[in-house]
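Below is the file start_37.cif, which contains mmCIF, C-alpha atoms.
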data_input
loop_
_atom_site.label_atom_id
_atom_site.label_comp_id
_atom_site.auth_asym_id
_atom_site.auth_seq_id
_atom_site.Cartn_x
_atom_site.Cartn_y
_atom_site.Cartn_z
CA MET A 1 10.56 21.06 39.11
CA GLY A 2 7.70 23.25 40.36
CA THR A 3 7.56 25.90 43.00
CA THR A 4 7.21 24.73 46.59
CA TRP A 5 6.58 26.45 49.93
CA ALA A 6 9.24 26.58 52.61
CA SER A 7 10.35 28.68 55.54
CA PRO A 8 11.84 32.03 54.53
CA GLY A 9 14.61 31.54 57.10
CA TRP A 10 15.04 33.45 60.32
CA ALA A 11 17.30 36.12 58.78
CA ARG A 12 14.87 37.03 55.96
CA LEU A 13 11.94 36.93 58.39
CA ALA A 14 13.71 39.23 60.85
CA LEU A 15 14.83 41.69 58.14
CA CYS A 16 11.39 41.80 56.49
CA LEU A 17 9.60 42.31 59.81
CA ALA A 18 12.06 45.03 60.82
CA GLY A 19 11.72 46.76 57.43
CA PHE A 20 7.93 46.52 57.53
CA GLY A 21 7.86 47.86 61.10
CA LEU A 22 10.14 50.78 60.22
CA SER A 23 8.02 51.55 57.15
CA LEU A 24 4.89 51.65 59.32
CA TYR A 25 6.69 53.88 61.82
CA ALA A 26 7.75 56.22 59.02
CA LEU A 27 4.15 56.36 57.81
CA HIS A 28 3.02 57.18 61.36
CA VAL A 29 5.65 59.93 61.73
CA LYS A 30 4.72 61.50 58.41
CA ALA A 31 0.99 61.46 59.27
CA ALA A 32 1.56 62.83 62.79
CA HIS A 33 3.81 65.59 61.44
CA ALA A 34 1.18 66.51 58.83
CA ARG A 35 -1.46 66.85 61.60
CA ASP A 36 0.80 68.72 64.02
CA LYS A 37 3.81 70.69 62.77
CA ASP A 38 5.20 70.71 66.34
CA TYR A 39 5.18 66.89 66.50
CA ARG A 40 8.58 65.53 67.52
CA ALA A 41 9.25 61.91 66.62
CA LEU A 42 11.64 59.67 68.55
CA CYS A 43 13.95 59.75 65.52
CA ASP A 44 14.10 63.57 65.55
CA VAL A 45 17.32 64.01 67.50
CA GLY A 46 18.28 67.48 66.27
CA THR A 47 18.09 69.86 63.33
CA ALA A 48 20.51 67.78 61.23
CA ILE A 49 19.11 64.45 62.45
CA SER A 50 15.40 64.61 61.70
CA CYS A 51 13.43 61.79 60.13
CA SER A 52 10.15 63.74 60.12
CA ARG A 53 11.81 66.46 58.01
CA VAL A 54 13.01 63.81 55.56
CA PHE A 55 9.67 61.96 55.40
CA SER A 56 7.83 65.25 54.83
CA SER A 57 10.16 66.41 52.06
CA ARG A 58 9.23 66.15 48.38
CA TRP A 59 11.46 63.05 48.17
CA GLY A 60 9.34 61.30 50.83
CA ARG A 61 6.56 60.72 48.31
CA GLY A 62 7.05 58.79 45.08
CA PHE A 63 10.82 59.05 45.59
CA GLY A 64 10.55 62.67 44.44
CA LEU A 65 10.11 61.41 40.88
CA VAL A 66 6.54 60.18 40.39
CA GLU A 67 4.93 63.59 40.72
CA HIS A 68 7.12 65.02 37.96
CA VAL A 69 6.58 62.07 35.63
CA LEU A 70 2.96 61.00 36.26
CA GLY A 71 1.55 64.03 38.09
CA PRO A 72 0.65 64.75 41.71
CA ASP A 73 -2.67 62.87 41.50
CA SER A 74 -1.17 59.61 40.23
CA VAL A 75 -2.03 56.50 42.22
CA LEU A 76 1.72 55.78 42.24
CA ASN A 77 2.52 59.07 43.98
CA GLN A 78 2.39 57.48 47.44
CA SER A 79 4.56 57.84 50.50
CA ASN A 80 7.82 55.91 50.14
CA SER A 81 6.74 54.04 53.28
CA ILE A 82 3.86 52.45 51.36
CA PHE A 83 6.35 51.16 48.78
CA GLY A 84 8.48 49.88 51.66
CA CYS A 85 5.57 47.93 53.16
CA ILE A 86 4.82 46.40 49.75
CA PHE A 87 8.49 45.56 49.16
CA TYR A 88 9.04 43.85 52.53
CA THR A 89 5.80 41.87 52.15
CA LEU A 90 6.87 40.79 48.65
CA GLN A 91 10.32 39.79 49.92
CA LEU A 92 8.80 37.68 52.69
CA PHE A 93 6.28 36.03 50.35
CA LEU A 94 8.88 35.27 47.65
CA GLY A 95 11.29 34.07 50.35
CA CYS A 96 8.75 31.37 51.23
CA LEU A 97 8.74 30.06 47.66
CA ARG A 98 11.32 27.67 46.26
CA GLY A 99 11.56 27.93 42.52
CA ARG A 100 13.64 29.54 39.81
CA TRP A 101 11.19 32.38 39.09
CA ALA A 102 10.86 33.22 42.79
CA SER A 103 14.66 33.42 43.11
CA ILE A 104 14.87 35.67 40.05
CA LEU A 105 12.14 37.98 41.40
CA LEU A 106 13.87 38.11 44.79
CA VAL A 107 17.16 39.15 43.22
CA LEU A 108 15.54 41.70 40.88
CA SER A 109 13.40 43.29 43.61
CA SER A 110 16.43 43.37 45.93
CA LEU A 111 18.53 45.11 43.29
CA LEU A 112 15.73 47.61 42.70
CA SER A 113 15.57 48.33 46.44
CA LEU A 114 19.34 48.72 46.53
CA ALA A 115 19.24 51.24 43.67
CA GLY A 116 16.45 53.11 45.47
CA SER A 117 18.46 53.08 48.69
CA VAL A 118 21.54 54.54 46.99
CA TYR A 119 19.41 57.22 45.31
CA LEU A 120 17.62 58.14 48.55
CA ALA A 121 20.87 58.09 50.54
CA TRP A 122 22.37 60.54 48.05
CA ILE A 123 19.30 62.79 48.44
CA LEU A 124 19.50 62.44 52.22
CA PHE A 125 23.15 63.43 52.54
CA PHE A 126 23.79 65.76 49.59
CA VAL A 127 20.44 67.47 49.00
CA LEU A 128 18.69 67.51 52.38
CA TYR A 129 21.94 67.51 54.40
CA ASP A 130 20.21 65.34 56.98
CA PHE A 131 20.82 62.09 58.84
CA CYS A 132 17.73 59.92 59.18
CA ILE A 133 18.20 56.97 61.52
CA VAL A 134 15.13 55.16 60.18
CA CYS A 135 16.25 55.70 56.58
CA ILE A 136 19.80 54.46 57.18
CA THR A 137 18.45 51.39 58.97
CA THR A 138 16.15 50.54 56.05
CA TYR A 139 19.08 50.92 53.65
CA ALA A 140 21.04 48.42 55.75
CA ILE A 141 18.05 46.06 55.78
CA ASN A 142 17.87 46.31 51.98
CA VAL A 143 21.57 45.40 51.71
CA GLY A 144 20.97 42.39 53.96
CA LEU A 145 17.99 41.25 51.87
CA THR A 146 20.04 41.62 48.70
CA VAL A 147 22.81 39.44 50.15
CA LEU A 148 20.23 36.82 51.18
CA SER A 149 18.61 36.92 47.75
CA PHE A 150 21.91 36.32 45.95
CA ARG A 151 22.82 33.51 48.35
CA GLY A 152 19.43 31.90 47.79
CA ALA A 153 19.79 32.17 44.02
CA GLN A 154 23.09 30.25 44.17
CA GLY A 155 21.39 27.19 45.57
CA PRO A 156 22.65 24.77 48.20
CA LYS A 157 26.24 24.87 49.45
CA GLY A 158 26.99 28.10 47.56
CA LYS A 159 27.19 26.40 44.17
CA ALA A 160 25.41 27.97 41.26
CA LYS A 161 22.37 26.07 40.03
CA GLY A 162 23.06 23.89 37.05
CA HIS A 163 26.72 23.23 37.93
#

Let's see the structure in the file written out as structure tokens.
Amino acid sequence: MGTTWASPGWARLALCLAGFGLSLYALHVKAAHARDKDYRALCDVGTAISCSRVFSSRWGRGFGLVEHVLGPDSVLNQSNSIFGCIFYTLQLFLGCLRGRWASILLVLSSLLSLAGSVYLAWILFFVLYDFCIVCITTYAINVGLTVLSFRGAQGPKGKAKGH
């Protein structure tokens, strides 16, 4: 059976749009903060609750890893928000496809986002000692997309494919 197009479902659509929107907002906050150090974003509630501080940290670009591995001028050393936009677009596109390979890619990309979320949450709480509302919300969105991806991979009525 080949791959067919279908609706991604309202839950995946809502999560992907929310994630994409938050990623764009994070990109805006980072750019505005770079232009004006006195810029105060809506998500900057206090000194310990500051998304602009988190987005502007070394971990806000290339997950804090790309620069050390590939160098600061690498094309992959982008703002984490760019990776978020790509991820949520990929999730929405793959969610519209019905086929084994699309399900596998959905699960794998969801697991990768979950690993990235755990890593960035650890950095957020134990290295930066911050609380970023936008970050925490995207982590929750990634958990939701992972759940949807695993449910979709099981097939209809919760039974594993091939059973």

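Put simply, CA of Ala102 in chain A is 14.9 Å away from CA of Gly9 in chain A.
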
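In this structure, CA of Cys132 in chain A sits 29.0 Å away from CA of Arg151 in chain A.
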
Using all atoms listed in the file, find each residue of range 70-99 of chain A with at least one atom at most 7 Å away from an atom of range 52-62 of chain A; report its shortest atom-to-atom pair and that distance in Å (one decimal), sort the rows by chain and rising residue number, and return the result as a Markdown table.
| residue | atom | partner | partner_atom | distance |
| --- | --- | --- | --- | --- |
| A:Leu76 | CA | A:Gly62 | CA | 6.7 |
| A:Asn77 | CA | A:Gly62 | CA | 4.7 |
| A:Gln78 | CA | A:Arg61 | CA | 5.4 |
| A:Ser79 | CA | A:Arg61 | CA | 4.1 |
| A:Asn80 | CA | A:Arg61 | CA | 5.3 |

Draw an axis-aligned box over all listed atoms of range 62-69 of chain A, pad each side with 4 Å, and write its centre and edge lengths in Å, one decimal, as lines of an AutoDock Vina configuration file.
center_x = 7.9
center_y = 61.9
center_z = 40.6
size_x = 13.9
size_y = 14.2
size_z = 18.0

Explicit residues for the PyMOL selection byres ((chain A and resi 97-101) around 6) (as number ranges by chain): A: 3-5, 94-96, 102-104

Would you mind exporting C-alpha atoms of the selected residues as a JSON list (two decimals), keeping the file's coordinate frame?
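The result, stored in out-v4.json:
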[["chain", "number", "residue", "atom", "x", "y", "z"],
["A", 3, "THR", "CA", 7.56, 25.90, 43.00],
["A", 4, "THR", "CA", 7.21, 24.73, 46.59],
["A", 5, "TRP", "CA", 6.58, 26.45, 49.93],
["A", 94, "LEU", "CA", 8.88, 35.27, 47.65],
["A", 95, "GLY", "CA", 11.29, 34.07, 50.35],
["A", 96, "CYS", "CA", 8.75, 31.37, 51.23],
["A", 102, "ALA", "CA", 10.86, 33.22, 42.79],
["A", 103, "SER", "CA", 14.66, 33.42, 43.11],
["A", 104, "ILE", "CA", 14.87, 35.67, 40.05]]
